[in-house]
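Have a look at the structure below, then the notes.
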Amino acid sequence: MKKLLAVGMIVLAVSSLMPGQAATPGINKTQKNQKARIYHGVKSGELTKHEARQLHKQQVHIQSDKKFAKIDGVVSSQERKHIKQDQKKVSKNIAVKKHN
């Protein structure tokens with residue numbers, strides 16, 4: 001009984017140290033800002049619905065990359081770099097499409 005309790009305590013301690021998913025607060029914040037920029041662009045008439053749809057598809061691609069990176073529970077620096085590069089491209093695309 002004591003062994004079972006000890007094993008249970010160890011499993012609980014180890015599982016509490018390991019996060020369920022890797023945190024990506026910077027990526028999440030950027031994605032939220034980009035979605036807001038797209039929304040405001042459509043609302044103000046700077047973006048057509050077609051342009052907004054294209055930009056939304058790019059956001060979905062980033063979201064799927066982020067989800068894939070989190071599968072193993074850790075977002076590596078290389079995965080993070082790839083996602084941030086994609087976000088920079090989308091940010092430029094939003095600016096170009098809003099001002100064309």
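If you're wondering about the labels, chains in the structure tokens are A, B, ... by order shown, residues count from 1 in each chain, ligands from 1 in order shown.
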Residues within 9 Å of range 34-49 of chain A, only C-alpha atoms, excluding chain neighbours under 5 positions, as a PyMOL selection string: chain A and resi 29+54-56+59+87+90-91+94+97-100
For Gln31 in chain A, the nearest of the candidates A:Val75, A:Ala95, A:Lys81, A:Lys66, counting only C-alpha atoms: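 Looking at the shortest contact to Gln31 in chain A, the residue is A:Lys66.
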Nearest to Glu51 in chain A, chosen from A:Gln85, A:Ser77, A:Asn93, A:Thr30, with only C-alpha atoms counted in the distances: A:Asn93
Those of range 5-99 of chain A in DSSP helix (DSSP H, G or I), formatted as JSON, numbers by chain: {"A": [5, 6, 7, 8, 9, 10, 11, 12, 13, 14, 15, 16, 17, 25, 26, 27, 28, 29, 30, 31, 32, 33, 34, 35, 36, 37, 38, 39, 40, 41, 42, 43, 44, 49, 50, 51, 52, 53, 54, 55, 56, 57, 58, 59, 60, 61, 62, 63, 64, 65, 66, 67, 68, 69, 77, 78, 79, 80, 81, 82, 83, 84, 85, 86, 87, 88, 89, 90, 91, 92, 93, 94, 95, 96, 97, 98]}
Residue among A:Lys67, A:His61, A:Pro25, A:Gly73 lying closest to Asp86 in chain A, counting only C-alpha atoms: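 Looking at the shortest contact to Asp86 in chain A, the residue is A:His61.
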Residue nearest Asn28 in chain A - candidates A:Lys57, A:Lys89, A:Lys84, A:His50, atoms counted: only C-alpha atoms: A:Lys84
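Atom to atom, CA of Asp65 in chain A and CA of Ala23 in chain A stand 14.1 Å apart.
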Point-to-point distance in Å for CA of Ile83 in chain A and CA of Ala52 in chain A: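 About the pair CA of Ala52 in chain A and CA of Ile83 in chain A: they are 20.2 Å apart.
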Non-local contacts of Ala22 in chain A (9 Å; only C-alpha atoms; under 2 positions in same chain excluded) as a list in words: Pro19, Gly20, Thr24, Ala69, Lys70, Ile71, Asp72, Gly73, Val74 and Val75 of chain A
